[in-house]
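Q: The structure that follows is given in the form of structure tokens.
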Amino acid sequence: MKHRLAAIHRLVAGGLLATALALPAAALAVLSAAPALAQETPVRGGTMNIIVQPEPPLLVLGLNQQGPTQTVAGKIYQGLLTYDQKLNPMPSLAKSWTVSPDGLTYTFKLQENVKWHDGKPFTAKDVVFTTSKFLVETHPRGRAVFSRCSSITALDDQTVEFKLKEPFPAFIQAFEVSSAPMMPAHIYEGTDYRANPANATPIGTGPFKFKEWVKGSYIHLVRNDDYFKPGQPYLDGIYFRVIPDGVSRALALESGQVQQTQYSDVEPFDVPRLRQLPHLEMTTKGYEFVAPMSWLEINHRVKPLDDKRFRKAIAHAIDRTFIRDKIWFGLGRVPTGPINSVVKFHDPKVTVYEHSPDKAKQLLDEMGLKPGADGTRATVKVMPMPYGETWSRLGEYLKQALGKVGVKVVLESTDAGGWSQRVANWDYEITTNFLYQYGDPALGVARTYISDNIRKGVMFSNTMGYSNPKVDELFAGAAREIDPAKRQEMYSEVQRILTDEVPVVWLLEMEFPTFIDKRVKNANTTAIGVNDTYDDVYMTAK
Amino acid sequence: MLGLAQLFAGRLVKAAAILITIVVLNFLLVHAAPGDPAMVMAGEAGAADEQFVAQLRAQFGLDRPLTEQLATYVGKVVQGDLGYSYRQQRPVWDILWERLPATLLLTLTAFLLSLALGVLLGAFAAVQVGRWSDSAITVLALLAYATPIYWTGLMLSLLFAVELGWLPAFGYETIGAGYTGLDHALDVARHMVLPVVTLALFYMAAYARLTRASMLEVRGQDFVKTARAKGLGPLRIETRHVLRNAILPVITVAGIQAGQLVGGSILIETVFAWPGIGRLAFEAVLQRDYQVLLGIFLVTSVMVILFNILTDLLYGLIDPRIQVAR
């Protein structure tokens with residue numbers, strides 16, 4: 001109890017120091033912590049078992065940002081900030097921060113008494129090293145964000161100042177653990193980061209330390225007794241268990257051998273059954289930061305896909321509610337446009353494409369695509385993502401739905417390597433894809449639609465080849481604008497243009513099911529959910 | 001005996017030539033698949049730019065011409081170096097060495113068990129031909145052979161691990177229990193039961209059917225009648241005369257299967273989360289982890305060649321009429 005109170009005091013203190021930007025966050029943190037406080041005192045001890053799938057290639061988060069790596073390494077490493085489920089920043093390694101009124105200077109005060117797992121102190125020097133040297137070398141997202149800085153300076157051991165070349169209000173969203181994991185300067189400075197022998201035994205500041213990794217079997221993390229929050233973490237350790245088969249993962253959850261699954265560990269068709277189990281809690285919260293949006297990606301270099309009427313026809317031909325309910329078993333929300341509704345600046349007042357095969361046919365007629373003798377108006381190749389059975393089912397549905405309006409679908413199959421290769425090199429007609437939005441349209445949405453980002457050979461760029469100077473201008477303007485109202489205006493306009501031109505057909509604001517054993521308390525409370533530190537997670541007795 | 005040594009040496013020389021060919025072919029095949037490890041890793045990261053992919057390619061050596069990569073790889077393999085997995089940041093040999101024991105433990109146990117049980121059941125069925133026990137064994141064998149191994153595994157797991165709770169459902173050991181010595185061995189043995197039984201059931205069925213059919217054929221031959229006429233006991237006739245002559249086809253099949261032991265069983269290792277080499281191979285394919293994949297191919301090829309030689313030698317031992325050919 002005492003420790004918990006101490007932690008809350010620190011949160012409040014941090015909030016008082018912070019600017020208006022940070023205030024609601026601190027207030028919210030207190031609010032969300034209050035019910036837990038009223039319920040019971042955290043229990044110390046216990047070991048959690050969490051599924052990790054697929055097995056990460058390595059755990060150094062600065063070098064590898066795969067989903068499973070984040071879930072494990074998010075307990076070992078920390079960012080300066082974390083975010084509540086409304087995406088407001090909250091303290092992590094930074095206890096407070098200020099933003100200058102011109103939006104050009106961000107100053108972070110660091111927590112005191114933070115130590116690396118090897119006992120060396122964590123200071124502002126590490127922050128400067130990480131953001132000005134390490135991440136710009138190794139981390140594609142980090143590179144894009146921190147190259148906007150004109151200077152990154154350690155004012156003293158506990159204070160870091162970032163100066164931006166031009167205002168970039170999304171900057172404050174770029175400090176969670178996978179976007180900017182703090183890396184130890186004393187280990188990496190002056191070395192070849194990727195070849196550093198220390199990569200086998202990751203050293204972070206987080207509440208859990210790396211203990212052992214039996215490849216193909218499990219990763220074992222143990223409590224960091226020198227963690228800067230006194231008395232925390234509560235758990236003795238965490239085992240991340242590699243179970244490659246989906247049915248076996250569901251069995252492990254059912255039989256209580258693991259206490260948590262996340263992301264795509266459980267196939268959507270298993271979700272309704274597992275939800276019924278009395279010892280498990282299912283939630284789709286905790287993915288607000290990634291806020292995945294899936295779509296039909298359409299290559300505008302191929303006729304007739306370059307015609308927006310054809311793309312609108314596709315949007316009308318498919319029933320997205322059916323897709324959500326029958327293919328994703330109710331997981332997800334039907335999107336209105338390019339920005340996920342949990343992300344800031346989402347605007348629902350846009351052109352909406354209801355399911356209407358008649359409208360689709362009308363649009364195709366307008367284009368002069370009349371049905372041939374066998375009823376076929378056009379033939380397109382669809383290559384579903386090779387990421388599990390759900391996407392293949394979606395491919396089969398598309399074949400049916402588009403067939404009904406006279407668009408014949410030829411399904412192509414591939415594996416992960418082949419898919420990336422073909423999409424990045426524009427060698428496709430239609431594929432399915434989903435991208436994370438990282439809390440702000442400037443970080444996760446613009447990249448798909450701006451013409452600067454048409455780059456052959458690069459995955460997750462504007463691979464459709466969509467180009468509209470007005471869209472480029474609006475995204476660039478909104479990224480620089482510090483007045484939230486003006487930003488909203490620009491993002492609203494860009495959403496209206498994009499929904500009219502349908503560069504891609506948005507399918508689903510995806511939700512992932514997280515299953516957590518009811519004995520586990522306080523897990524999954526922020527916008528980064530399962531990737532957070534778990535320093536306040538505890539388990540009650542059976 | 002000199003003949004045997006000569007044969008062995010000759011076979012080894014041939015084997016070396018075959019191996020080099022296999023290495024080159026595998027290398028070209030693996031690189032013919034679309035995409036490369038850098039592309040896969042960019043895909044997994046969910047974000048990428050030119051620099052990210054270019055850095056990875058340079059690090060993996062993928063920016064060199066293919067012929068140069070091939071020459072480098074063959075040069076290393078000849079010196080016994082299987083290369084380096086940049087994805088896992090470890091030498092391939094270390095990765096394989098870590099996974100091999102689990103696979104061999106699983107597949108060798110299943111192999112020996114299935115061979116012993118299969119031959120025993122098959123011989124018993126042949127002796128009892130036409131009786132109810134023969135029918136029972138035949139039906140059981142057919143069932144085990146026809147059921148998909150994946151499904152058998154899941155059903156056994158559901159029954160014995162989930163419903164009855166007698167055995168662990170998956171994994172290699174009880175994680176976090178910290179057993180040592182005999183306790184550890186027992187723990188691993190408990191985890192082995194389900195995967196071994198699943199795998200063994202399938203192969204046992206094949207051996208049982210083969211043994212039964214082959215024995216029935218031999219029993220009809222004249223020398224068996226002669227043996228019976230000489231007044232030999234039925235047990236001696238069945239074992240020394242019939243089984244010994246009937247076992248050759250079983251050994252042929254077993255030899256082929258033994259060569260595949262290292263490849264393991266991808267399905268079994270996946271269903272039971274067994275940390276073996278089959279799963280490693282499967283993941284390496286998807287991740288285009290070229291060096292790991294080539295390493296597994298190489299080790300598997302060596303095993304196939306070795307077991308082929310062994311099988312040939314075994315033929316001669318069991319049936320002295322078979323001369324070792326030069």
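Chain labels run A, B, ... following the order of the structure tokens; each chain numbers its residues from 1, and ligands are numbered from 1 in the order shown.
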Could you pull out all residues of stretch 40-283 of chain B with a DSSP call of strand (DSSP E or B) and give them as a list in words?
A: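 Matching residues, listed in order: Tyr84, Ser85, Arg90 and Pro91 of chain B.
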Q: Export, as a tab-separated table (two decimals), in the first residue's frame, the selected residues with N, CA and C atoms.
A:
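Result file is selection_2.tsv:
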chain	number	residue	atom	x	y	z
B	84	TYR	N	26.59	-17.87	-40.41
B	84	TYR	CA	26.14	-17.05	-39.29
B	84	TYR	C	24.72	-16.59	-39.57
B	85	SER	N	23.85	-16.74	-38.62
B	85	SER	CA	22.49	-16.24	-38.80
B	85	SER	C	22.43	-14.81	-38.29
B	90	ARG	N	23.71	-15.27	-34.27
B	90	ARG	CA	24.52	-16.35	-33.70
B	90	ARG	C	25.02	-17.24	-34.82
B	91	PRO	N	26.13	-17.98	-34.56
B	91	PRO	CA	26.60	-18.93	-35.57
B	91	PRO	C	25.56	-20.03	-35.78
Q: Could you build a table of the residues in chain B lying no more than 7 Å from chain A, giving for each the nearest pair of atoms and their separation in Å rounded to one decimal place, using only C-alpha atoms, ordered by chain and ascending residue number, as JSON lines?
A:
{"residue": "B:Pro34", "atom": "CA", "partner": "A:Gly418", "partner_atom": "CA", "distance": 4.8}
{"residue": "B:Gly35", "atom": "CA", "partner": "A:Gly417", "partner_atom": "CA", "distance": 4.6}
{"residue": "B:Asp36", "atom": "CA", "partner": "A:Gly417", "partner_atom": "CA", "distance": 6.3}
{"residue": "B:Met39", "atom": "CA", "partner": "A:Ser420", "partner_atom": "CA", "distance": 6.2}
{"residue": "B:Val40", "atom": "CA", "partner": "A:Gly417", "partner_atom": "CA", "distance": 5.0}
{"residue": "B:Ala42", "atom": "CA", "partner": "A:Met459", "partner_atom": "CA", "distance": 6.8}
{"residue": "B:Gly43", "atom": "CA", "partner": "A:Ser420", "partner_atom": "CA", "distance": 6.1}
{"residue": "B:Glu44", "atom": "CA", "partner": "A:Gln66", "partner_atom": "CA", "distance": 5.4}
{"residue": "B:Ala45", "atom": "CA", "partner": "A:Gln66", "partner_atom": "CA", "distance": 4.7}
{"residue": "B:Gly46", "atom": "CA", "partner": "A:Leu435", "partner_atom": "CA", "distance": 6.9}
{"residue": "B:Ala47", "atom": "CA", "partner": "A:Phe460", "partner_atom": "CA", "distance": 5.9}
{"residue": "B:Ala48", "atom": "CA", "partner": "A:Pro140", "partner_atom": "CA", "distance": 5.4}
{"residue": "B:Asp49", "atom": "CA", "partner": "A:Val458", "partner_atom": "CA", "distance": 5.8}
{"residue": "B:Glu50", "atom": "CA", "partner": "A:Val458", "partner_atom": "CA", "distance": 6.1}
{"residue": "B:Phe52", "atom": "CA", "partner": "A:Pro140", "partner_atom": "CA", "distance": 6.3}
{"residue": "B:Arg87", "atom": "CA", "partner": "A:Pro57", "partner_atom": "CA", "distance": 5.9}
{"residue": "B:Gln88", "atom": "CA", "partner": "A:Pro57", "partner_atom": "CA", "distance": 5.0}
{"residue": "B:Val162", "atom": "CA", "partner": "A:Ser255", "partner_atom": "CA", "distance": 6.7}
{"residue": "B:Thr270", "atom": "CA", "partner": "A:Pro244", "partner_atom": "CA", "distance": 5.6}
{"residue": "B:Val271", "atom": "CA", "partner": "A:Asp245", "partner_atom": "CA", "distance": 5.4}
{"residue": "B:Ala273", "atom": "CA", "partner": "A:Ile243", "partner_atom": "CA", "distance": 5.1}
{"residue": "B:Pro275", "atom": "CA", "partner": "A:Gly216", "partner_atom": "CA", "distance": 4.6}
{"residue": "B:Leu286", "atom": "CA", "partner": "A:Ala416", "partner_atom": "CA", "distance": 6.4}
{"residue": "B:Gln287", "atom": "CA", "partner": "A:Gly417", "partner_atom": "CA", "distance": 6.7}
{"residue": "B:Arg288", "atom": "CA", "partner": "A:Gly417", "partner_atom": "CA", "distance": 6.9}
Q: For the residues in the current selection, export N, CA and C atoms as an mmCIF file, in the first residue's frame.
A:
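Here's the written file out.cif:
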data_model
loop_
_atom_site.group_PDB
_atom_site.id
_atom_site.type_symbol
_atom_site.label_atom_id
_atom_site.label_comp_id
_atom_site.auth_asym_id
_atom_site.auth_seq_id
_atom_site.Cartn_x
_atom_site.Cartn_y
_atom_site.Cartn_z
ATOM 1 N N PRO B 34 11.167 -15.793 -53.787
ATOM 2 C CA PRO B 34 11.056 -14.332 -53.765
ATOM 3 C C PRO B 34 11.239 -13.779 -52.354
ATOM 4 N N GLY B 35 11.771 -12.568 -52.263
ATOM 5 C CA GLY B 35 11.965 -11.949 -50.943
ATOM 6 C C GLY B 35 13.282 -12.395 -50.346
ATOM 7 N N ASP B 36 13.790 -11.637 -49.392
ATOM 8 C CA ASP B 36 15.015 -12.005 -48.703
ATOM 9 C C ASP B 36 14.862 -11.641 -47.223
ATOM 10 N N MET B 39 13.940 -8.075 -46.347
ATOM 11 C CA MET B 39 12.555 -7.736 -46.685
ATOM 12 C C MET B 39 11.602 -8.287 -45.619
ATOM 13 N N VAL B 40 11.859 -9.515 -45.188
ATOM 14 C CA VAL B 40 10.992 -10.127 -44.178
ATOM 15 C C VAL B 40 11.064 -9.329 -42.873
ATOM 16 N N ALA B 42 11.900 -6.208 -42.517
ATOM 17 C CA ALA B 42 11.236 -4.915 -42.710
ATOM 18 C C ALA B 42 9.732 -5.092 -42.570
ATOM 19 N N GLY B 43 9.212 -6.193 -43.127
ATOM 20 C CA GLY B 43 7.790 -6.480 -43.034
ATOM 21 C C GLY B 43 7.353 -6.661 -41.595
ATOM 22 N N GLU B 44 8.183 -7.335 -40.796
ATOM 23 C CA GLU B 44 7.826 -7.599 -39.410
ATOM 24 C C GLU B 44 7.890 -6.344 -38.551
ATOM 25 N N ALA B 45 8.779 -5.433 -38.920
ATOM 26 C CA ALA B 45 8.969 -4.245 -38.095
ATOM 27 C C ALA B 45 7.779 -3.294 -38.214
ATOM 28 N N GLY B 46 7.002 -3.415 -39.297
ATOM 29 C CA GLY B 46 5.833 -2.565 -39.462
ATOM 30 C C GLY B 46 6.186 -1.169 -39.929
ATOM 31 N N ALA B 47 7.453 -0.924 -40.203
ATOM 32 C CA ALA B 47 7.882 0.368 -40.703
ATOM 33 C C ALA B 47 9.230 0.163 -41.364
ATOM 34 N N ALA B 48 9.506 0.925 -42.379
ATOM 35 C CA ALA B 48 10.774 0.734 -43.064
ATOM 36 C C ALA B 48 11.116 1.963 -43.874
ATOM 37 N N ASP B 49 12.366 2.104 -44.206
ATOM 38 C CA ASP B 49 12.778 3.086 -45.199
ATOM 39 C C ASP B 49 13.944 2.476 -45.970
ATOM 40 N N GLU B 50 14.456 3.195 -46.967
ATOM 41 C CA GLU B 50 15.516 2.621 -47.802
ATOM 42 C C GLU B 50 16.713 2.204 -46.975
ATOM 43 N N PHE B 52 17.003 1.318 -43.865
ATOM 44 C CA PHE B 52 16.792 0.138 -43.034
ATOM 45 C C PHE B 52 17.077 -1.136 -43.823
ATOM 46 N N ARG B 87 19.921 -12.893 -38.506
ATOM 47 C CA ARG B 87 18.624 -12.685 -37.878
ATOM 48 C C ARG B 87 18.710 -12.980 -36.384
ATOM 49 N N GLN B 88 19.320 -14.113 -36.046
ATOM 50 C CA GLN B 88 19.416 -14.489 -34.636
ATOM 51 C C GLN B 88 20.737 -14.048 -34.009
ATOM 52 N N VAL B 162 -5.697 -32.395 -21.253
ATOM 53 C CA VAL B 162 -6.721 -31.448 -20.829
ATOM 54 C C VAL B 162 -7.802 -32.132 -19.996
ATOM 55 N N THR B 270 5.414 -28.693 -33.851
ATOM 56 C CA THR B 270 4.557 -27.507 -33.768
ATOM 57 C C THR B 270 3.418 -27.720 -32.777
ATOM 58 N N VAL B 271 2.716 -28.855 -32.909
ATOM 59 C CA VAL B 271 1.572 -29.117 -32.038
ATOM 60 C C VAL B 271 2.009 -29.178 -30.575
ATOM 61 N N ALA B 273 4.756 -27.942 -29.231
ATOM 62 C CA ALA B 273 5.724 -26.895 -28.893
ATOM 63 C C ALA B 273 7.063 -27.503 -28.494
ATOM 64 N N PRO B 275 10.879 -27.957 -28.840
ATOM 65 C CA PRO B 275 11.877 -27.019 -29.386
ATOM 66 C C PRO B 275 12.913 -27.696 -30.279
ATOM 67 N N LEU B 286 10.165 -19.435 -43.717
ATOM 68 C CA LEU B 286 9.309 -18.246 -43.736
ATOM 69 C C LEU B 286 10.114 -16.967 -43.564
ATOM 70 N N GLN B 287 11.173 -17.053 -42.762
ATOM 71 C CA GLN B 287 11.945 -15.844 -42.482
ATOM 72 C C GLN B 287 13.070 -15.648 -43.481
ATOM 73 N N ARG B 288 13.199 -16.559 -44.439
ATOM 74 C CA ARG B 288 14.291 -16.529 -45.408
ATOM 75 C C ARG B 288 15.645 -16.440 -44.695
#
Q: Ranking B:Met215, B:Ile149, B:Leu143, B:Val77 by minimum distance to B:Ala246 and counting only C-alpha atoms, which one comes first?
A: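 Answer, going by the shortest atom-to-atom distance: B:Met215.
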Q: Compile the contact shell of stretch 529-535 of chain A as a tab-separated table (two decimals) with C-alpha atoms, in the first residue's frame: residues with an atom at most 7 Å away, counting only C-alpha atoms, same-chain residues fewer than 5 positions apart removed.
A:
chain	number	residue	atom	x	y	z
A	70	GLN	CA	8.02	-5.32	-27.99
A	71	THR	CA	5.92	-7.40	-25.61
A	74	GLY	CA	8.89	-3.63	-23.06
A	75	LYS	CA	9.51	-5.15	-19.62
A	206	GLY	CA	12.95	-1.76	-16.71
A	207	PRO	CA	11.35	-3.62	-13.80
A	232	GLN	CA	8.12	-2.69	-7.41
A	233	PRO	CA	7.73	-4.77	-9.47
A	234	TYR	CA	5.50	-7.17	-7.56
A	286	GLY	CA	-4.55	-1.57	-24.86
A	287	TYR	CA	-4.03	-1.26	-28.60
A	523	ALA	CA	-2.16	-5.65	-16.48
A	524	ASN	CA	-2.88	-3.88	-19.73
Q: Which neighbours of A:Thr205 fall inside 12 Å, counting only C-alpha atoms, when residues of the same chain fewer than 6 positions from it are skipped, and could you give them as a PyMOL selection string?
A: chain A and resi 73-80+92-93+111+113-123+126+177+181-184+223-229+533+535
Q: Could you please determine the separation between atom CA of A:Ile327 and atom CA of A:Leu274 in Å, to one decimal place?
A: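 It comes out at 16.8 Å.
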